[in-house]
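work.txt (compact mmCIF, C-alpha atoms) appears below.
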```
# COMPACT_ATOMS: atom_id res chain seq x y z
CA MET Y 4 169.52 112.58 22.09
CA ALA Y 5 171.55 109.89 23.79
CA THR Y 6 171.26 106.40 22.42
CA LEU Y 7 171.06 103.03 24.11
CA ASN Y 8 171.46 99.90 22.02
CA ILE Y 9 170.89 96.48 23.55
CA THR Y 10 171.69 93.03 22.22
CA ALA Y 11 170.57 89.84 23.93
CA GLU Y 12 172.66 86.69 24.22
CA GLN Y 13 171.60 83.36 25.67
CA VAL Y 14 174.25 81.28 27.45
CA GLN Y 15 174.06 78.09 29.45
CA GLY Y 16 175.46 77.97 32.97
CA ASN Y 17 173.92 76.00 35.82
CA VAL Y 18 170.71 77.50 34.44
CA PRO Y 19 169.99 79.34 31.17
CA VAL Y 20 171.20 82.93 31.52
CA THR Y 21 170.20 85.82 29.25
CA ILE Y 22 172.88 88.47 28.94
CA LEU Y 23 171.80 91.93 27.84
CA HIS Y 24 174.79 93.79 26.41
CA LEU Y 25 174.12 97.53 26.78
CA HIS Y 26 175.86 100.15 24.65
CA GLY Y 27 175.35 103.88 25.28
CA ASP Y 28 173.82 106.06 27.98
CA ILE Y 29 171.04 105.20 30.43
CA ASP Y 30 169.19 108.39 31.29
CA ALA Y 31 165.56 109.46 31.65
CA ALA Y 32 165.18 109.46 27.86
CA THR Y 33 166.62 106.00 27.22
CA HIS Y 34 165.74 103.89 30.28
CA PRO Y 35 162.40 102.74 28.77
CA THR Y 36 164.49 100.98 26.09
CA LEU Y 37 166.12 98.85 28.78
CA THR Y 38 162.86 98.07 30.56
CA ALA Y 39 161.18 97.17 27.26
CA LYS Y 40 164.03 94.86 26.23
CA ALA Y 41 163.89 93.12 29.62
CA GLU Y 42 160.11 92.72 29.29
CA GLU Y 43 160.64 91.21 25.84
CA VAL Y 44 163.16 88.58 26.96
CA VAL Y 45 161.22 87.76 30.13
CA ALA Y 46 158.09 87.25 28.01
CA GLN Y 47 160.15 84.82 25.92
CA GLY Y 48 161.01 82.84 29.05
CA ALA Y 49 164.17 84.42 30.45
CA ALA Y 50 164.30 83.95 34.22
CA HIS Y 51 167.95 84.89 34.93
CA LEU Y 52 169.31 88.16 33.57
CA LEU Y 53 172.85 89.47 33.52
CA LEU Y 54 173.17 93.13 32.50
CA ASP Y 55 176.51 93.82 30.84
CA LEU Y 56 177.27 97.49 31.64
CA GLY Y 57 180.79 97.46 30.20
CA SER Y 58 179.86 99.79 27.35
CA VAL Y 59 177.55 102.07 29.34
CA ASN Y 60 179.08 105.54 29.36
CA TYR Y 61 176.55 107.10 31.70
CA MET Y 62 173.89 105.85 34.11
CA GLY Y 63 171.78 108.11 36.32
CA SER Y 64 168.91 107.43 38.67
CA ALA Y 65 166.67 106.62 35.69
CA GLY Y 66 168.80 103.53 35.16
CA PHE Y 67 168.11 102.49 38.72
CA ARG Y 68 164.39 102.91 38.14
CA ALA Y 69 164.83 100.42 35.32
CA LEU Y 70 166.79 98.02 37.55
CA HIS Y 71 164.03 98.29 40.16
CA ALA Y 72 161.38 97.50 37.54
CA ILE Y 73 163.36 94.58 36.08
CA SER Y 74 164.01 93.11 39.52
CA ASN Y 75 160.30 93.24 40.28
CA MET Y 76 159.59 91.62 36.90
CA LEU Y 77 161.91 88.70 37.69
CA GLU Y 78 160.98 88.29 41.35
CA ALA Y 79 157.35 87.58 40.53
CA GLU Y 80 156.60 86.52 44.07
CA GLY Y 81 157.89 89.79 45.43
CA SER Y 82 160.85 89.02 47.62
CA THR Y 83 160.57 90.90 50.89
CA GLY Y 84 164.02 90.00 52.18
CA MET Y 85 167.19 92.10 52.05
CA GLY Y 86 169.18 89.34 50.35
CA LYS Y 87 170.69 89.74 46.91
CA SER Y 88 168.68 88.90 43.84
CA LYS Y 89 169.26 85.39 42.49
CA ARG Y 90 167.78 86.39 39.13
CA LEU Y 91 169.33 89.77 38.25
CA LYS Y 92 173.05 90.54 38.32
CA LEU Y 93 175.38 93.19 36.91
CA LEU Y 94 178.58 92.85 34.90
CA ASN Y 95 181.50 95.24 34.56
CA PRO Y 96 180.14 98.70 35.46
CA SER Y 97 182.49 101.68 35.07
CA GLU Y 98 183.93 103.40 38.14
CA ASP Y 99 181.38 106.21 37.80
CA VAL Y 100 178.46 103.79 37.56
CA SER Y 101 179.82 101.68 40.43
CA ARG Y 102 179.94 104.75 42.65
CA VAL Y 103 176.29 105.54 41.95
CA ILE Y 104 175.31 101.90 42.54
CA LYS Y 105 176.89 102.10 46.00
CA THR Y 106 175.53 105.58 46.80
CA LEU Y 107 172.00 104.43 46.03
CA GLY Y 108 172.52 101.20 47.99
CA PHE Y 109 171.91 98.88 45.04
CA ASP Y 110 175.04 96.87 45.85
CA VAL Y 111 173.01 95.46 48.73
CA TYR Y 112 170.49 93.99 46.28
CA LEU Y 113 172.54 93.08 43.22
CA ASP Y 114 175.76 91.08 42.79
CA ILE Y 115 178.36 92.81 40.62
CA PHE Y 116 180.92 90.87 38.60
CA GLN Y 117 183.94 91.87 36.55
CA ASN Y 118 184.14 88.58 34.63
CA GLN Y 119 181.34 87.21 32.46
CA ASP Y 120 182.11 83.53 33.07
CA ASP Y 121 182.12 84.02 36.85
CA ALA Y 122 178.83 85.90 36.59
CA VAL Y 123 177.14 83.20 34.49
CA ARG Y 124 178.32 80.43 36.82
CA SER Y 125 176.96 82.30 39.84
CA PHE Y 126 173.30 81.80 38.83
CA MET J 2 165.81 134.86 31.22
CA THR J 3 167.09 137.30 28.70
CA GLY J 4 169.75 139.97 28.46
CA ALA J 5 172.25 140.37 31.28
CA SER J 6 170.73 137.58 33.36
CA SER J 7 171.26 134.90 30.72
CA LEU J 8 173.54 132.06 31.63
CA GLU J 9 176.14 130.58 29.33
CA PHE J 10 174.29 127.49 28.10
CA SER J 11 170.61 127.29 27.29
CA THR J 12 168.34 124.60 25.93
CA GLU J 13 164.74 123.49 25.82
CA ALA J 14 163.64 121.39 28.81
CA SER J 15 163.30 117.99 27.17
CA LEU J 16 164.56 114.52 28.03
CA GLU J 17 166.03 114.39 24.53
CA ASN J 18 168.34 117.29 25.51
CA LEU J 19 169.79 115.69 28.66
CA HIS J 20 172.71 114.44 26.60
CA GLU J 21 173.48 118.05 25.53
CA CYS J 22 173.47 119.19 29.15
CA ARG J 23 175.92 116.45 30.13
CA ALA J 24 178.09 117.36 27.13
CA TYR J 25 178.15 121.01 28.30
CA ILE J 26 179.37 119.87 31.74
CA ASP J 27 182.03 117.59 30.22
CA ARG J 28 183.24 120.38 27.94
CA THR J 29 183.20 123.18 30.50
CA GLY J 30 184.37 121.08 33.43
CA GLY J 31 187.26 119.81 31.36
CA ALA J 32 188.22 123.37 30.43
CA LEU J 33 188.09 124.30 34.15
CA GLY J 34 190.55 121.51 34.95
CA LEU J 35 188.13 119.02 36.51
CA GLU J 36 188.89 115.34 36.14
CA SER J 37 187.22 112.04 36.93
CA PRO J 38 185.60 111.20 39.33
CA LEU J 39 184.59 114.80 40.11
CA LEU J 40 183.59 115.49 36.52
CA GLY J 41 181.38 112.39 36.63
CA ASP J 42 179.73 113.65 39.80
CA PHE J 43 178.84 116.97 38.14
CA ARG J 44 177.63 115.19 35.01
CA LEU J 45 175.34 113.08 37.19
CA VAL J 46 173.89 115.83 39.39
CA VAL J 47 173.22 118.13 36.43
CA ASP J 48 171.47 115.31 34.58
CA GLU J 49 169.35 114.63 37.67
CA ALA J 50 168.53 118.32 38.14
CA VAL J 51 167.47 118.85 34.53
CA THR J 52 165.47 115.61 34.54
CA ASN J 53 163.53 116.93 37.55
CA ILE J 54 162.94 120.27 35.80
CA VAL J 55 161.66 118.51 32.68
CA LEU J 56 159.41 116.00 34.44
CA HIS J 57 158.33 117.78 37.63
CA GLY J 58 159.04 121.49 37.10
CA TYR J 59 157.47 121.81 33.66
CA GLY J 60 155.43 118.59 33.91
CA GLY J 61 156.71 117.46 30.53
CA GLN J 62 155.33 120.58 28.81
CA GLY J 63 158.76 122.08 28.07
CA GLY J 64 160.26 125.45 28.82
CA PRO J 65 163.64 127.15 28.97
CA VAL J 66 166.61 125.85 30.94
CA GLU J 67 169.85 127.77 31.36
CA MET J 68 173.04 126.81 33.13
CA ALA J 69 176.56 127.95 33.83
CA MET J 70 179.52 126.16 35.37
CA GLU J 71 182.21 128.31 36.97
CA ARG J 72 185.29 127.82 39.10
CA ALA J 73 186.78 130.24 41.61
CA GLY J 74 189.91 128.75 43.14
CA ASP J 75 188.92 125.44 44.69
CA THR J 76 185.19 126.02 44.49
CA VAL J 77 183.13 124.86 41.52
CA VAL J 78 179.57 126.12 41.11
CA VAL J 79 176.89 125.08 38.65
CA ARG J 80 173.80 127.29 38.45
CA ILE J 81 170.70 126.00 36.69
CA ARG J 82 167.70 128.24 36.04
CA ASP J 83 164.19 127.47 34.87
CA GLN J 84 160.87 129.26 34.58
CA ALA J 85 158.81 126.50 36.19
CA PRO J 86 156.58 126.95 39.26
CA SER J 87 158.41 127.17 42.60
CA PHE J 88 159.76 123.92 43.94
CA ASN J 89 160.09 122.73 47.53
CA PRO J 90 162.85 120.09 47.68
CA ASP J 91 162.04 119.35 51.32
CA ALA J 92 158.74 117.84 50.14
CA VAL J 93 160.66 115.05 48.36
CA ALA J 94 161.17 111.99 50.55
CA GLU J 95 164.63 110.42 50.55
CA PRO J 96 164.85 106.85 49.27
CA ALA J 97 164.80 104.27 52.07
CA LEU J 98 168.13 102.53 51.57
CA ASP J 99 167.47 99.97 54.32
CA THR J 100 164.36 98.55 52.65
CA ALA J 101 164.08 95.50 50.42
CA LEU J 102 164.29 96.45 46.76
CA ALA J 103 160.72 95.35 45.95
CA GLN J 104 159.43 97.70 48.67
CA ARG J 105 161.53 100.70 47.70
CA ASN J 106 159.88 103.74 46.23
CA PRO J 107 161.91 104.38 43.08
CA GLY J 108 161.38 108.17 43.35
CA GLY J 109 163.50 110.76 45.11
CA MET J 110 166.85 109.39 43.98
CA GLY J 111 167.84 112.49 41.99
CA ILE J 112 167.78 114.97 44.87
CA PHE J 113 169.35 112.37 47.14
CA LEU J 114 172.26 111.98 44.70
CA MET J 115 172.71 115.76 44.46
CA ARG J 116 172.94 116.04 48.25
CA GLN J 117 175.28 113.08 48.54
CA MET J 118 177.69 114.23 45.84
CA MET J 119 177.75 118.01 46.30
CA ASP J 120 178.81 120.11 49.30
CA GLU J 121 175.95 122.58 48.89
CA VAL J 122 172.60 122.22 47.10
CA THR J 123 170.33 125.27 47.27
CA PHE J 124 167.04 126.02 45.54
CA GLN J 125 165.94 129.63 45.26
CA SER J 126 162.90 131.31 43.73
CA LEU J 127 164.03 134.18 41.50
CA PRO J 128 162.46 137.64 41.96
CA GLY J 129 161.35 137.81 38.34
CA GLY J 130 159.89 134.30 38.40
CA GLY J 131 161.43 130.90 38.00
CA ASN J 132 164.01 129.05 40.07
CA GLU J 133 167.75 128.81 40.42
CA LEU J 134 169.48 125.69 41.66
CA ARG J 135 173.08 126.06 42.88
CA LEU J 136 175.28 123.00 43.06
CA VAL J 137 178.57 123.67 44.84
CA LYS J 138 181.60 121.48 45.35
CA HIS J 139 184.73 122.51 47.30
CA LEU J 140 187.74 120.72 45.90
CA SER J 141 189.84 120.78 49.06
```

Would you encode the structure as structure tokens?
Amino acid sequence: MATLNITAEQVQGNVPVTILHLHGDIDAATHPTLTAKAEEVVAQGAAHLLLDLGSVNYMGSAGFRALHAISNMLEAEGSTGMGKSKRLKLLNPSEDVSRVIKTLGFDVYLDIFQNQDDAVRSF
Amino acid sequence: MTGASSLEFSTEASLENLHECRAYIDRTGGALGLESPLLGDFRLVVDEAVTNIVLHGYGGQGGPVEMAMERAGDTVVVRIRDQAPSFNPDAVAEPALDTALAQRNPGGMGIFLMRQMMDEVTFQSLPGGGNELRLVKHLS
């Protein structure tokens, strides 16, 4: 079975930002791990999440189900607009993952950064 | 799914075995001369196909899955067989990409990705029972 390990880091930008560093594969077997970790940090007060995908080897549509769920978790009031999320952003996806993000249209909803400092400052 | 009709790789339909299916594609695709990003596309569509077999075909109850990846010239074909009830892919709605994220139905992304990334996607009921999915990509 594929594994997905996640570590959380709290950093201070314009607002407190929680970075989830993901290591492994995000598939239908492992995506509940991501959703559960996001639920845990949100329950502890996290309001701005940056998902570090730099060490994610594989991400299929199950990963996007998790992103959808996390976005809904953070946007408690249920944003109805097409603008990008101000609370959930992505860092450093691989070329393969980036292609799937674009194919599924998630680049319309989520900002994608290559540099952690730029990402943190953007919140 | 025995004897002459068996395909090269077989496993139990389980989410825990998705990783094995992707590893088969990496191994076989590499031996057939495929490189990134095409190899990544096949890894993705096979993962999506097997996920659908596990969750929707067998309803999480398990069953056999077989697959083979072959190349003839510039055409690469992956065949995936299962023994689940017949499946109508046209009954699956495509994701609405022009809708706000909160309003999007998170389902249907797997078949959508297969159709976006492959040149041909065909589902066929087999005469002896079960289904065969063919995923075809022309390299030129």

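For the atom pair formed by atom CA of J:Asp42 and atom CA of J:His139, the distance is 12.6 Å, given to one decimal.
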
Given a cut-off of 10 Å, which residues of chain Y touch chain J, counting only C-alpha atoms, written out as a PyMOL selection string?
-> chain Y and resi 4-6+28+30-33+61-65+67-72+74-76+78+80-88+98-100+102-103+106-109+111-113

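What separates atom CA of J:Val77 from atom CA of J:Gln125 is a distance of 18.2 Å.
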
Point-to-point distance from atom CA of J:Gly64 to atom CA of J:Asn89, Å rounded to tenths = 18.9 Å

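Checking J:Met68, J:Leu136, J:Leu8, J:Ala85 one by one against J:Tyr25, counting all atoms listed in the file, you find the shortest gap at J:Met68.
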
Can you list, as an MDAnalysis selection string, every protein, DNA or RNA residue that comes within 10 Å of J:Leu140 when you count all atoms listed in the file, leaving out same-chain residues fewer than 3 positions away?
-> chainID J and resid 35 39 74:77 120 137

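Nearest to Y:Val20 of all the residues Y:Thr36, Y:His51, Y:Ser125, Y:Leu7 is Y:His51, counting only C-alpha atoms.
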
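Shortest separation to J:Phe43 among J:Ala94, J:Ala69, J:Ala14, J:Val79 occurs at residue J:Val79, atoms counted being all atoms listed in the file.
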
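Proximity ranking of J:Thr29, J:Glu13, J:Tyr59, J:Gly129 relative to J:Glu71 places J:Thr29 first, based on all atoms listed in the file.
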
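With only C-alpha atoms as the atoms that count, the residue of J:Glu67, J:Glu36, J:Ala50, J:Gly31 with the shortest distance to J:Val122 is J:Ala50.
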